[in-house]
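> What follows is my_file.cif, made up of mmCIF, C-alpha atoms:
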data_input
#
loop_
_atom_site.label_atom_id
_atom_site.label_comp_id
_atom_site.auth_asym_id
_atom_site.auth_seq_id
_atom_site.Cartn_x
_atom_site.Cartn_y
_atom_site.Cartn_z
CA MET A 15 64.89 81.53 109.62
CA GLY A 16 67.11 78.76 110.96
CA ASP A 17 66.63 76.67 114.11
CA ASP A 18 68.74 76.95 117.26
CA ALA A 19 71.71 75.13 115.68
CA SER A 20 71.69 76.72 112.26
CA ALA A 21 72.76 80.30 111.54
CA ASP A 22 71.01 83.02 109.59
CA VAL A 23 73.71 84.54 107.41
CA LEU A 24 73.30 87.85 105.58
CA PHE A 25 74.40 87.60 101.96
CA LEU A 26 75.49 90.99 100.64
CA GLN A 27 76.03 91.59 96.95
CA SER A 28 78.77 93.82 95.61
CA ASP A 29 76.49 96.68 94.55
CA GLU A 30 74.84 96.74 98.00
CA LEU A 31 78.21 97.49 99.59
CA ALA A 32 79.32 100.18 97.15
CA ASP A 33 78.10 103.32 98.96
CA LEU A 34 77.90 102.20 102.58
CA ALA A 35 81.04 104.00 103.79
CA THR A 36 83.33 106.85 102.81
CA PRO A 37 87.10 106.42 102.38
CA GLY A 38 87.66 108.11 105.73
CA GLU A 39 85.31 105.71 107.48
CA PHE A 40 87.18 102.76 105.96
CA VAL A 41 90.41 104.27 107.30
CA ASP A 42 88.98 104.62 110.82
CA ALA A 43 87.76 101.00 110.84
CA VAL A 44 91.03 99.62 109.47
CA ARG A 45 93.14 101.69 111.88
CA ASP A 46 91.19 100.19 114.77
CA GLY A 47 91.75 96.71 113.33
CA TYR A 48 95.51 97.25 113.21
CA ARG A 49 95.45 98.61 116.75
CA GLU A 50 93.87 95.32 117.83
CA ARG A 51 96.54 93.41 115.96
CA GLY A 52 99.23 95.45 117.73
CA GLU A 53 97.66 94.47 121.04
CA GLY A 54 97.78 90.78 120.16
CA ALA A 55 94.84 89.91 117.89
CA PRO A 56 95.61 86.78 115.79
CA ALA A 57 96.23 87.08 112.04
CA GLU A 58 98.05 84.97 109.48
CA PRO A 59 99.62 85.80 106.09
CA ARG A 60 97.96 84.55 102.97
CA THR A 61 98.20 81.04 101.67
CA LYS A 62 98.62 81.11 97.91
CA LEU A 63 98.22 78.09 95.65
CA LEU A 64 99.38 78.35 92.04
CA ASN A 65 97.94 76.59 89.03
CA ALA A 66 99.91 76.23 85.79
CA ASP A 67 97.33 75.13 83.25
CA PRO A 68 95.14 77.10 83.03
CA PRO A 69 97.30 79.74 84.77
CA GLY A 70 95.84 81.18 87.95
CA PHE A 71 96.10 81.25 91.71
CA PHE A 72 93.82 80.54 94.66
CA THR A 73 94.45 82.41 97.89
CA SER A 74 93.07 83.03 101.36
CA TYR A 75 93.98 84.75 104.63
CA VAL A 76 92.33 85.04 108.04
CA ALA A 77 92.23 87.14 111.21
CA ILE A 78 90.33 87.43 114.48
CA LEU A 79 89.46 90.84 115.93
CA PRO A 80 88.03 89.82 119.32
CA GLU A 81 87.44 93.33 120.64
CA ARG A 82 85.46 94.20 117.52
CA GLY A 83 83.72 90.83 117.84
CA TYR A 84 84.39 89.37 114.40
CA MET A 85 86.67 87.00 112.55
CA GLY A 86 86.95 86.00 108.93
CA GLY A 87 88.98 86.84 105.87
CA TYR A 88 89.25 86.68 102.12
CA MET A 89 89.23 83.75 99.76
CA TYR A 90 89.54 84.34 96.04
CA GLY A 91 90.62 82.84 92.78
CA ALA A 92 92.23 84.80 89.97
CA GLY A 93 92.97 83.79 86.41
CA PHE A 94 92.19 80.19 85.47
CA GLY A 95 89.88 79.71 82.52
CA ALA A 96 87.69 82.68 83.42
CA GLN A 97 90.66 85.08 83.28
CA ASP A 98 89.03 87.08 86.06
CA ALA A 99 88.86 87.16 89.85
CA TYR A 100 86.07 86.40 92.34
CA PHE A 101 86.21 87.45 96.00
CA HIS A 102 84.41 85.52 98.73
CA LEU A 103 84.39 87.11 102.21
CA PRO A 104 82.93 85.11 105.12
CA LEU A 105 82.42 86.98 108.40
CA TYR A 106 81.90 85.22 111.75
CA ASP A 107 80.99 86.25 115.28
CA SER A 108 84.23 85.75 117.23
CA GLU A 109 82.50 84.84 120.50
CA SER A 110 79.91 82.31 119.32
CA GLY A 111 81.76 81.16 116.20
CA ARG A 112 78.58 81.49 114.15
CA PRO A 113 78.76 82.88 110.62
CA VAL A 114 76.94 86.20 110.35
CA ALA A 115 77.58 87.40 106.80
CA LEU A 116 78.85 86.40 103.39
CA LEU A 117 80.06 89.33 101.29
CA ASP A 118 80.78 89.50 97.58
CA GLY A 119 84.02 91.24 98.37
CA ALA A 120 85.30 92.58 95.05
CA SER A 121 83.91 96.12 95.24
CA MET A 122 85.31 96.78 98.72
CA ASN A 123 88.84 95.65 97.84
CA PRO A 124 90.32 99.00 96.71
CA PHE A 125 88.66 100.72 99.68
CA LYS A 126 89.96 98.38 102.38
CA THR A 127 93.41 98.16 100.73
CA GLY A 128 93.52 101.93 100.29
CA ALA A 129 92.56 102.31 103.94
CA ALA A 130 95.44 100.07 105.02
CA GLY A 131 97.81 102.22 102.96
CA ALA A 132 96.43 105.38 104.54
CA VAL A 133 96.85 103.95 108.04
CA GLY A 134 100.49 103.32 107.12
CA VAL A 135 100.88 106.90 105.89
CA ASP A 136 99.23 108.28 109.01
CA ALA A 137 101.43 106.18 111.31
CA LEU A 138 104.75 106.73 109.51
CA ALA A 139 104.77 109.83 107.30
CA ARG A 140 105.74 113.25 108.64
CA ASP A 141 102.81 115.19 110.06
CA ASP A 142 103.48 118.04 107.62
CA ALA A 143 103.65 115.77 104.53
CA ASN A 144 101.64 117.42 101.75
CA THR A 145 103.14 116.25 98.43
CA LEU A 146 102.52 112.77 97.10
CA ALA A 147 103.97 110.69 94.28
CA LEU A 148 101.66 107.96 93.01
CA ILE A 149 103.00 105.21 90.75
CA GLY A 150 100.01 103.51 89.14
CA SER A 151 96.67 104.68 87.77
CA GLY A 152 94.28 101.76 88.22
CA ALA A 153 91.53 100.99 90.73
CA GLN A 154 94.01 100.32 93.55
CA ALA A 155 95.83 103.60 92.90
CA ARG A 156 92.50 105.41 93.08
CA GLY A 157 91.71 103.71 96.40
CA GLN A 158 95.12 104.59 97.84
CA LEU A 159 94.84 108.25 96.85
CA ARG A 160 91.29 108.74 98.11
CA ALA A 161 92.14 107.19 101.47
CA THR A 162 95.47 109.00 101.88
CA ALA A 163 93.76 112.33 101.23
CA THR A 164 91.78 111.76 104.45
CA VAL A 165 94.90 111.52 106.66
CA ARG A 166 97.13 114.26 105.19
CA ASP A 167 96.31 117.69 103.79
CA LEU A 168 97.69 117.16 100.30
CA ASP A 169 98.67 120.12 98.14
CA ARG A 170 100.13 118.31 95.13
CA VAL A 171 99.91 114.79 93.71
CA ASP A 172 102.11 113.70 90.79
CA VAL A 173 100.96 110.54 89.04
CA PHE A 174 102.98 108.27 86.78
CA SER A 175 102.00 105.08 85.00
CA PRO A 176 103.47 103.69 81.77
CA THR A 177 100.48 104.49 79.57
CA LYS A 178 100.17 108.22 78.93
CA GLU A 179 96.43 108.10 78.27
CA SER A 180 95.77 106.24 81.52
CA ARG A 181 97.78 108.57 83.75
CA ASN A 182 96.28 111.66 82.11
CA ALA A 183 92.74 110.36 82.53
CA PHE A 184 93.41 109.40 86.15
CA ALA A 185 94.91 112.81 86.93
CA GLY A 186 91.98 114.60 85.33
CA GLU A 187 89.42 112.57 87.28
CA MET A 188 91.15 112.88 90.67
CA ASN A 189 91.96 116.57 90.16
CA GLU A 190 88.21 117.20 89.96
CA GLU A 191 87.50 115.02 93.01
CA LEU A 192 90.21 116.15 95.45
CA ASP A 193 91.28 119.55 96.80
CA ALA A 194 94.89 118.77 95.88
CA THR A 195 96.34 119.60 92.47
CA VAL A 196 96.70 116.26 90.70
CA GLY A 197 98.86 116.10 87.59
CA ALA A 198 100.38 113.44 85.34
CA VAL A 199 104.16 113.29 84.90
CA ALA A 200 106.32 111.47 82.36
CA SER A 201 108.45 109.30 84.67
CA SER A 202 108.56 107.80 88.14
CA ALA A 203 111.69 109.88 88.82
CA ALA A 204 109.75 113.06 88.08
CA ALA A 205 106.94 111.90 90.36
CA ILE A 206 109.10 111.18 93.42
CA GLU A 207 111.24 114.31 93.13
CA GLY A 208 110.41 116.40 96.19
CA ALA A 209 107.61 114.05 97.29
CA ASP A 210 106.92 113.64 101.01
CA VAL A 211 104.99 110.42 100.38
CA VAL A 212 105.48 107.85 97.62
CA ILE A 213 102.83 105.21 96.94
CA THR A 214 103.25 102.34 94.51
CA ALA A 215 100.05 100.63 93.37
CA THR A 216 101.06 98.51 90.40
CA ASN A 217 101.28 95.00 89.00
CA ALA A 218 105.02 95.40 88.43
CA THR A 219 107.45 92.53 88.94
CA GLU A 220 110.51 94.81 89.05
CA PRO A 221 111.16 98.07 90.99
CA VAL A 222 109.24 101.04 89.63
CA PHE A 223 111.64 103.73 90.87
CA ASP A 224 115.29 104.10 91.82
CA GLY A 225 115.76 104.07 95.59
CA ASP A 226 118.83 106.28 95.28
CA LEU A 227 116.46 109.12 94.36
CA LEU A 228 114.51 109.01 97.63
CA GLU A 229 115.05 112.10 99.74
CA ASP A 230 115.48 112.09 103.51
CA GLY A 231 112.16 112.22 105.34
CA THR A 232 110.17 110.42 102.64
CA HIS A 233 107.56 107.81 103.48
CA VAL A 234 106.93 104.99 100.99
CA THR A 235 103.89 102.71 100.85
CA ALA A 236 104.24 99.74 98.51
CA MET A 237 100.99 97.81 98.09
CA GLY A 238 101.62 95.59 95.07
CA GLN A 239 104.12 93.24 96.73
CA TYR A 240 102.49 89.93 97.61
CA ASP A 241 104.68 87.41 95.82
CA ARG A 242 108.28 86.48 96.65
CA ASP A 243 109.21 86.96 92.98
CA LYS A 244 107.63 90.44 92.69
CA ARG A 245 108.82 93.77 94.03
CA GLU A 246 107.83 97.38 93.41
CA VAL A 247 110.75 98.81 95.38
CA ASP A 248 114.44 97.94 95.13
CA ALA A 249 116.94 96.71 97.72
CA GLU A 250 118.26 100.24 98.17
CA THR A 251 114.83 101.47 99.27
CA VAL A 252 114.33 98.57 101.67
CA SER A 253 117.81 98.87 103.20
CA LYS A 254 117.72 102.63 103.82
CA ALA A 255 114.19 102.62 105.28
CA LYS A 256 112.62 101.78 108.59
CA TYR A 257 110.80 98.73 107.22
CA VAL A 258 107.27 98.16 108.55
CA PRO A 259 105.18 95.29 107.10
CA ASP A 260 101.50 94.70 107.70
CA LEU A 261 102.43 91.26 109.10
CA ARG A 262 105.94 90.21 110.11
CA GLY A 263 105.23 86.66 108.89
CA ARG A 264 105.02 87.89 105.31
CA THR A 265 108.78 88.47 105.26
CA GLU A 266 109.14 84.69 105.09
CA THR A 267 106.39 84.02 102.56
CA ASP A 268 105.42 86.70 100.04
CA ALA A 269 107.01 90.09 100.84
CA GLY A 270 108.99 90.06 97.62
CA ALA A 271 110.97 93.27 98.12
CA PHE A 272 112.15 92.23 101.58
CA ILE A 273 112.91 88.64 100.54
CA GLN A 274 114.89 89.69 97.47
CA ALA A 275 116.79 92.42 99.35
CA ARG A 276 117.78 89.83 101.96
CA GLU A 277 118.83 87.34 99.27
CA GLU A 278 120.99 90.05 97.68
CA GLY A 279 122.70 90.72 101.02
CA ALA A 280 121.39 94.27 101.34
CA ILE A 281 119.64 93.55 104.65
CA GLY A 282 119.52 90.91 107.34
CA ALA A 283 116.53 89.00 108.65
CA ASP A 284 116.37 91.44 111.58
CA HIS A 285 115.69 94.46 109.35
CA VAL A 286 111.99 94.57 110.29
CA HIS A 287 111.49 97.69 112.43
CA ALA A 288 107.97 96.80 113.61
CA GLU A 289 104.60 95.60 112.37
CA LEU A 290 102.14 98.32 111.44
CA GLY A 291 99.78 97.26 114.23
CA GLU A 292 102.55 97.63 116.80
CA VAL A 293 103.15 101.21 115.66
CA VAL A 294 99.43 102.03 115.62
CA ALA A 295 98.98 100.57 119.12
CA GLY A 296 102.00 102.46 120.44
CA VAL A 297 103.80 99.23 121.32
CA GLU A 298 106.71 100.12 119.02
CA SER A 299 107.99 103.40 117.64
CA GLY A 300 107.33 104.51 114.09
CA ARG A 301 109.14 107.50 112.63
CA GLU A 302 111.81 108.65 115.08
CA SER A 303 113.21 111.61 113.13
CA PRO A 304 112.01 114.02 110.42
CA ASP A 305 114.86 112.69 108.27
CA ASP A 306 113.86 109.02 108.56
CA ILE A 307 112.85 107.18 105.40
CA THR A 308 110.00 104.84 106.26
CA LEU A 309 108.53 102.00 104.22
CA PHE A 310 105.15 100.33 104.76
CA ASP A 311 104.92 97.01 102.92
CA SER A 312 101.19 96.45 102.41
CA GLY A 313 100.70 93.09 100.76
CA GLY A 314 97.17 92.56 102.04
CA THR A 315 95.95 90.90 105.24
CA ALA A 316 92.67 89.88 106.79
CA ILE A 317 93.13 92.57 109.43
CA GLU A 318 91.83 95.29 107.13
CA THR A 319 89.45 92.83 105.47
CA VAL A 320 87.67 91.83 108.68
CA ALA A 321 87.66 95.38 110.06
CA ALA A 322 86.11 96.79 106.90
CA ALA A 323 83.67 93.91 106.45
CA ALA A 324 82.42 94.25 110.02
CA MET A 325 81.65 97.92 109.46
CA LEU A 326 79.85 97.21 106.19
CA TYR A 327 77.86 94.31 107.67
CA GLU A 328 76.60 96.39 110.58
CA ARG A 329 75.58 99.25 108.27
CA ALA A 330 73.86 96.86 105.88
CA LYS A 331 71.84 95.41 108.76
CA GLU A 332 70.80 98.90 109.87
CA GLN A 333 69.61 99.69 106.36
CA GLY A 334 67.82 96.39 105.80
CA LEU A 335 70.08 95.32 102.94
CA GLY A 336 70.99 91.82 101.89
CA GLU A 337 69.32 88.44 101.78
CA GLU A 338 69.28 85.93 104.62
CA ILE A 339 70.53 82.45 103.85
CA ASP A 340 70.58 79.49 106.22
CA PHE A 341 73.80 77.72 107.26
CA ALA A 342 73.53 74.38 109.02
CA ALA A 343 75.70 73.85 112.09
CA ALA A 344 78.07 70.88 111.97
CA SER A 345 76.29 69.29 114.95
CA GLN A 346 73.17 69.25 112.80
CA ALA A 347 74.62 68.51 109.39
CA LEU A 348 77.10 65.79 110.36
CA THR A 349 74.48 63.68 112.08
CA GLY A 350 71.76 64.33 109.55
CA ARG A 351 69.28 65.20 112.32
#
Would you write the structure of this file as structure tokens?


Amino acid sequence: MGDDASADVLFLQSDELADLATPGEFVDAVRDGYRERGEGAPAEPRTKLLNADPPGFFTSYVAILPERGYMGGYMYGAGFGAQDAYFHLPLYDSESGRPVALLDGASMNPFKTGAAGAVGVDALARDDANTLALIGSGAQARGQLRATATVRDLDRVDVFSPTKESRNAFAGEMNEELDATVGAVASSAAAIEGADVVITATNATEPVFDGDLLEDGTHVTAMGQYDRDKREVDAETVSKAKYVPDLRGRTETDAGAFIQAREEGAIGADHVHAELGEVVAGVESGRESPDDITLFDSGGTAIETVAAAAMLYERAKEQGLGEEIDFAAASQALTGR
């Protein structure tokens, strides 16, 4: 145990976090985090540093949720010589400023990101939405689908990804897990036909469906757009939709679909309808008509990261998980006393 100046920090490994919360519980925690943001909680978009040789990037983003009592964020590197990614998640007490936990954050990523997507669906999709098109069949697509199934009573889910074997395997797995009928389809156009909700969860650099095909009343969540040179949805989709980002500041930094649509002249800088937190908090309107097309641009923020990490930390403490490590306070370490 540390002295009065130092802090006892709970280190939580990835496998200790794996079964601490259900998708629905992640959604509840993340919704509350976005409500705080809508009421004024501080959060900043990611800072992303690129490296050419070896290729990779290093990124971080932060938020404070004072009502919840925590602050922190993500820091991770991807690529480089390891050709992999490692997620470091520090969590602090927002009143004292002391660190309370250090999480190996990789395993929670699809859950907290899926929860953010589901909060967007819940805030913006029609209440009677029950058909979903999912573009993508990886871990993030799985997280999005599991979380969305907790906020809407889904009847049918059509999944498309470029590799037939992958989309078939994904559909088979999720069809067994969910009450909805989950099936693989041969194109993104087939997936979005008649869909009430469209979710893109890909690594694509170019749009994965034609915005002209979107029907009135559709909600779109795009979660793979966190680089100004990448976009999963086209300018047509952005321009015809009520555009709601997770953070307004991202439209100047890494919201690729918005940035490229603006550069192409399809929209103006004032096209942002509201931040997600503002809609969740009731500060701004969301969907205003059953015929509205809505778009949630979910590039990733520390809002969902801190909200989810706080929940996991508190549950881990209750269950006696983790290992305590000692962090020296600056007043102690800088003087050497």

> With distances taken over all atoms listed in the file, which residue among A:Ser151, A:Asn189, A:Gln274, A:Asn65 lies nearest Phe94 in chain A?

A:Asn65

> What's the separation between CA of Phe184 in chain A and CA of Gly225 in chain A, in Å to one decimal place?

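Computing the Euclidean distance for CA of Phe184 in chain A and CA of Gly225 in chain A yields 24.8 Å.
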
> Could you write out as JSON, numbers by chain the residues that the PyMOL selection byres ((chain A and resi 202) around 12) matches in the shown file?

{"A": [146, 147, 148, 149, 150, 172, 173, 174, 175, 176, 181, 198, 199, 200, 201, 203, 204, 205, 206, 207, 208, 209, 212, 213, 214, 221, 222, 223, 224, 225, 227, 228, 246, 247]}

> Can you turn the PyMOL selection byres ((chain A and resi 318-326) around 10) into a concrete residue list for this file, as a PyMOL selection string?

chain A and resi 26+30-35+39-48+50+75-79+82-88+103-107+114-117+119+122-123+125-130+260+314-317+327-332

> Determine the nearest neighbour of Gln97 in chain A from the options A:Pro37, A:Gly231, A:Glu109, A:Phe71, counting only C-alpha atoms.

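Of A:Pro37, A:Gly231, A:Glu109, A:Phe71, the one nearest Gln97 in chain A, counting only C-alpha atoms, is A:Phe71.
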
> Write out as an NGL selection string which residues come within 9 Å of Gly70 in chain A when counting only C-alpha atoms, dropping same-chain ones fewer than 3 positions away.

:A and (63-67 or 91-95 or 97)

> With the file shown as input, list the residues that the PyMOL selection byres ((chain A and resi 307) around 9) selects, as a PyMOL selection string.

chain A and resi 139+228-234+251+254-257+301+303-306+308-309

> Pick out the residues sitting within 7 Å of Gly157 in chain A, and hand them over as a CSV table (one decimal) with C-alpha atoms, in the frame of the given file; count all atoms listed in the file, and ignore anything fewer than 2 positions along from it in its own chain.


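And here is the file that came out, out_13.csv:
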chain,number,residue,atom,x,y,z
A,124,PRO,CA,90.3,99.0,96.7
A,125,PHE,CA,88.7,100.7,99.7
A,128,GLY,CA,93.5,101.9,100.3
A,153,ALA,CA,91.5,101.0,90.7
A,154,GLN,CA,94.0,100.3,93.6
A,155,ALA,CA,95.8,103.6,92.9
A,159,LEU,CA,94.8,108.2,96.8
A,160,ARG,CA,91.3,108.7,98.1
A,161,ALA,CA,92.1,107.2,101.5

> What separation in Å, quoted to one decimal, exists between CA of Thr61 in chain A and CA of Thr265 in chain A?

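Rounded to one decimal, the two atoms are 13.4 Å apart.
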
> Excluding same-chain residues fewer than 3 positions from range 275-277 of chain A, what lies within 12 Å of it counting all atoms listed in the file, as a VMD selection string?

chain A and resid 221 242 to 254 257 265 to 266 269 to 272 280 to 286

> Could you list, as a PyMOL selection string, every residue within 9 Å of Arg264 in chain A, counting all atoms listed in the file and ignoring same-chain residues fewer than 2 positions away?

chain A and resi 58-60+240+259-262+266-270+313

> With C-alpha atoms retained, export the selected residues as a PDB file, keeping the file's coordinate frame.


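Output file result34.pdb is given in full below:
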ATOM      1  CA  GLU A  58      98.050  84.970 109.480  1.00  0.00           C
ATOM      2  CA  PRO A  59      99.620  85.800 106.090  1.00  0.00           C
ATOM      3  CA  ARG A  60      97.960  84.550 102.970  1.00  0.00           C
ATOM      4  CA  TYR A 240     102.490  89.930  97.610  1.00  0.00           C
ATOM      5  CA  PRO A 259     105.180  95.290 107.100  1.00  0.00           C
ATOM      6  CA  ASP A 260     101.500  94.700 107.700  1.00  0.00           C
ATOM      7  CA  LEU A 261     102.430  91.260 109.100  1.00  0.00           C
ATOM      8  CA  ARG A 262     105.940  90.210 110.110  1.00  0.00           C
ATOM      9  CA  GLU A 266     109.140  84.690 105.090  1.00  0.00           C
ATOM     10  CA  THR A 267     106.390  84.020 102.560  1.00  0.00           C
ATOM     11  CA  ASP A 268     105.420  86.700 100.040  1.00  0.00           C
ATOM     12  CA  ALA A 269     107.010  90.090 100.840  1.00  0.00           C
ATOM     13  CA  GLY A 270     108.990  90.060  97.620  1.00  0.00           C
ATOM     14  CA  GLY A 313     100.700  93.090 100.760  1.00  0.00           C
TER      15      GLY A 313
END

> A:Val293, A:Ala19, A:Val258, A:Ala218: which is nearest Ala342 in chain A, counting all atoms listed in the file?

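Distance minimum relative to Ala342 in chain A lands on A:Ala19.
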
> Rounded to one decimal, what separation in Å do you get between CA of Thr145 in chain A and CA of Asp169 in chain A?

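Computing the Euclidean distance for CA of Thr145 in chain A and CA of Asp169 in chain A yields 5.9 Å.
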
> What box, with edges along x, y and z, holds each listed atom of range 20-27 of chain A when 6 Å is added on every side, and can you state its centre and edge lengths in Å to one decimal, as AutoDock Vina command-line options?


--center_x 73.5 --center_y 84.2 --center_z 104.6 --size_x 17.0 --size_y 26.9 --size_z 27.3

> Could you rebuild range 201-229 of chain A with N, CA and C atoms and give me the result as a PDB file, in the coordinates of the input?


ATOM      1  N   SER A 201     107.578 110.348  84.152  1.00  0.00           N
ATOM      2  CA  SER A 201     108.450 109.300  84.670  1.00  0.00           C
ATOM      3  C   SER A 201     108.257 109.151  86.166  1.00  0.00           C
ATOM      4  N   SER A 202     108.639 107.992  86.697  1.00  0.00           N
ATOM      5  CA  SER A 202     108.560 107.800  88.140  1.00  0.00           C
ATOM      6  C   SER A 202     109.554 108.717  88.848  1.00  0.00           C
ATOM      7  N   ALA A 203     110.708 108.986  88.222  1.00  0.00           N
ATOM      8  CA  ALA A 203     111.690 109.880  88.820  1.00  0.00           C
ATOM      9  C   ALA A 203     111.120 111.283  88.984  1.00  0.00           C
ATOM     10  N   ALA A 204     110.374 111.740  87.983  1.00  0.00           N
ATOM     11  CA  ALA A 204     109.750 113.060  88.080  1.00  0.00           C
ATOM     12  C   ALA A 204     108.694 113.082  89.174  1.00  0.00           C
ATOM     13  N   ALA A 205     107.997 111.969  89.345  1.00  0.00           N
ATOM     14  CA  ALA A 205     106.940 111.900  90.360  1.00  0.00           C
ATOM     15  C   ALA A 205     107.520 111.995  91.765  1.00  0.00           C
ATOM     16  N   ILE A 206     108.608 111.256  92.039  1.00  0.00           N
ATOM     17  CA  ILE A 206     109.100 111.180  93.420  1.00  0.00           C
ATOM     18  C   ILE A 206     109.989 112.357  93.794  1.00  0.00           C
ATOM     19  N   GLU A 207     110.386 113.171  92.818  1.00  0.00           N
ATOM     20  CA  GLU A 207     111.240 114.310  93.130  1.00  0.00           C
ATOM     21  C   GLU A 207     110.493 115.287  94.056  1.00  0.00           C
ATOM     22  N   GLY A 208     111.016 115.478  95.242  1.00  0.00           N
ATOM     23  CA  GLY A 208     110.410 116.400  96.190  1.00  0.00           C
ATOM     24  C   GLY A 208     109.177 115.867  96.904  1.00  0.00           C
ATOM     25  N   ALA A 209     108.824 114.599  96.684  1.00  0.00           N
ATOM     26  CA  ALA A 209     107.610 114.050  97.290  1.00  0.00           C
ATOM     27  C   ALA A 209     107.845 113.701  98.761  1.00  0.00           C
ATOM     28  N   ASP A 210     106.877 114.031  99.600  1.00  0.00           N
ATOM     29  CA  ASP A 210     106.920 113.640 101.010  1.00  0.00           C
ATOM     30  C   ASP A 210     106.469 112.195 101.191  1.00  0.00           C
ATOM     31  N   VAL A 211     105.543 111.773 100.331  1.00  0.00           N
ATOM     32  CA  VAL A 211     104.990 110.420 100.380  1.00  0.00           C
ATOM     33  C   VAL A 211     105.034 109.833  98.987  1.00  0.00           C
ATOM     34  N   VAL A 212     105.476 108.580  98.884  1.00  0.00           N
ATOM     35  CA  VAL A 212     105.480 107.850  97.620  1.00  0.00           C
ATOM     36  C   VAL A 212     104.632 106.603  97.792  1.00  0.00           C
ATOM     37  N   ILE A 213     103.682 106.404  96.899  1.00  0.00           N
ATOM     38  CA  ILE A 213     102.830 105.210  96.940  1.00  0.00           C
ATOM     39  C   ILE A 213     102.947 104.471  95.622  1.00  0.00           C
ATOM     40  N   THR A 214     103.237 103.187  95.702  1.00  0.00           N
ATOM     41  CA  THR A 214     103.250 102.340  94.510  1.00  0.00           C
ATOM     42  C   THR A 214     102.026 101.436  94.550  1.00  0.00           C
ATOM     43  N   ALA A 215     101.266 101.455  93.480  1.00  0.00           N
ATOM     44  CA  ALA A 215     100.050 100.630  93.370  1.00  0.00           C
ATOM     45  C   ALA A 215     100.017 100.060  91.958  1.00  0.00           C
ATOM     46  N   THR A 216     100.840  99.030  91.742  1.00  0.00           N
ATOM     47  CA  THR A 216     101.060  98.510  90.400  1.00  0.00           C
ATOM     48  C   THR A 216     101.007  96.993  90.377  1.00  0.00           C
ATOM     49  N   ASN A 217     101.118  96.441  89.182  1.00  0.00           N
ATOM     50  CA  ASN A 217     101.280  95.000  89.000  1.00  0.00           C
ATOM     51  C   ASN A 217     102.716  94.652  88.615  1.00  0.00           C
ATOM     52  N   ALA A 218     103.645  95.560  88.883  1.00  0.00           N
ATOM     53  CA  ALA A 218     105.020  95.400  88.430  1.00  0.00           C
ATOM     54  C   ALA A 218     105.704  94.214  89.098  1.00  0.00           C
ATOM     55  N   THR A 219     106.615  93.597  88.371  1.00  0.00           N
ATOM     56  CA  THR A 219     107.450  92.530  88.940  1.00  0.00           C
ATOM     57  C   THR A 219     108.839  93.039  89.290  1.00  0.00           C
ATOM     58  N   GLU A 220     109.221  94.203  88.779  1.00  0.00           N
ATOM     59  CA  GLU A 220     110.510  94.810  89.050  1.00  0.00           C
ATOM     60  C   GLU A 220     110.310  96.215  89.632  1.00  0.00           C
ATOM     61  N   PRO A 221     111.308  96.753  90.350  1.00  0.00           N
ATOM     62  CA  PRO A 221     111.160  98.070  90.990  1.00  0.00           C
ATOM     63  C   PRO A 221     110.712  99.153  90.017  1.00  0.00           C
ATOM     64  N   VAL A 222     109.821 100.013  90.496  1.00  0.00           N
ATOM     65  CA  VAL A 222     109.240 101.040  89.630  1.00  0.00           C
ATOM     66  C   VAL A 222     109.893 102.408  89.830  1.00  0.00           C
ATOM     67  N   PHE A 223     110.844 102.513  90.757  1.00  0.00           N
ATOM     68  CA  PHE A 223     111.640 103.730  90.870  1.00  0.00           C
ATOM     69  C   PHE A 223     112.989 103.370  91.475  1.00  0.00           C
ATOM     70  N   ASP A 224     113.931 104.278  91.339  1.00  0.00           N
ATOM     71  CA  ASP A 224     115.290 104.100  91.820  1.00  0.00           C
ATOM     72  C   ASP A 224     115.384 104.599  93.264  1.00  0.00           C
ATOM     73  N   GLY A 225     115.692 103.700  94.186  1.00  0.00           N
ATOM     74  CA  GLY A 225     115.760 104.070  95.590  1.00  0.00           C
ATOM     75  C   GLY A 225     116.806 105.114  95.906  1.00  0.00           C
ATOM     76  N   ASP A 226     117.821 105.245  95.061  1.00  0.00           N
ATOM     77  CA  ASP A 226     118.830 106.280  95.280  1.00  0.00           C
ATOM     78  C   ASP A 226     118.243 107.687  95.196  1.00  0.00           C
ATOM     79  N   LEU A 227     117.074 107.813  94.542  1.00  0.00           N
ATOM     80  CA  LEU A 227     116.460 109.120  94.360  1.00  0.00           C
ATOM     81  C   LEU A 227     115.605 109.562  95.539  1.00  0.00           C
ATOM     82  N   LEU A 228     115.350 108.656  96.482  1.00  0.00           N
ATOM     83  CA  LEU A 228     114.510 109.010  97.630  1.00  0.00           C
ATOM     84  C   LEU A 228     115.217 110.034  98.506  1.00  0.00           C
ATOM     85  N   GLU A 229     114.496 111.066  98.884  1.00  0.00           N
ATOM     86  CA  GLU A 229     115.050 112.100  99.740  1.00  0.00           C
ATOM     87  C   GLU A 229     114.807 111.774 101.210  1.00  0.00           C
TER      88      GLU A 229
END
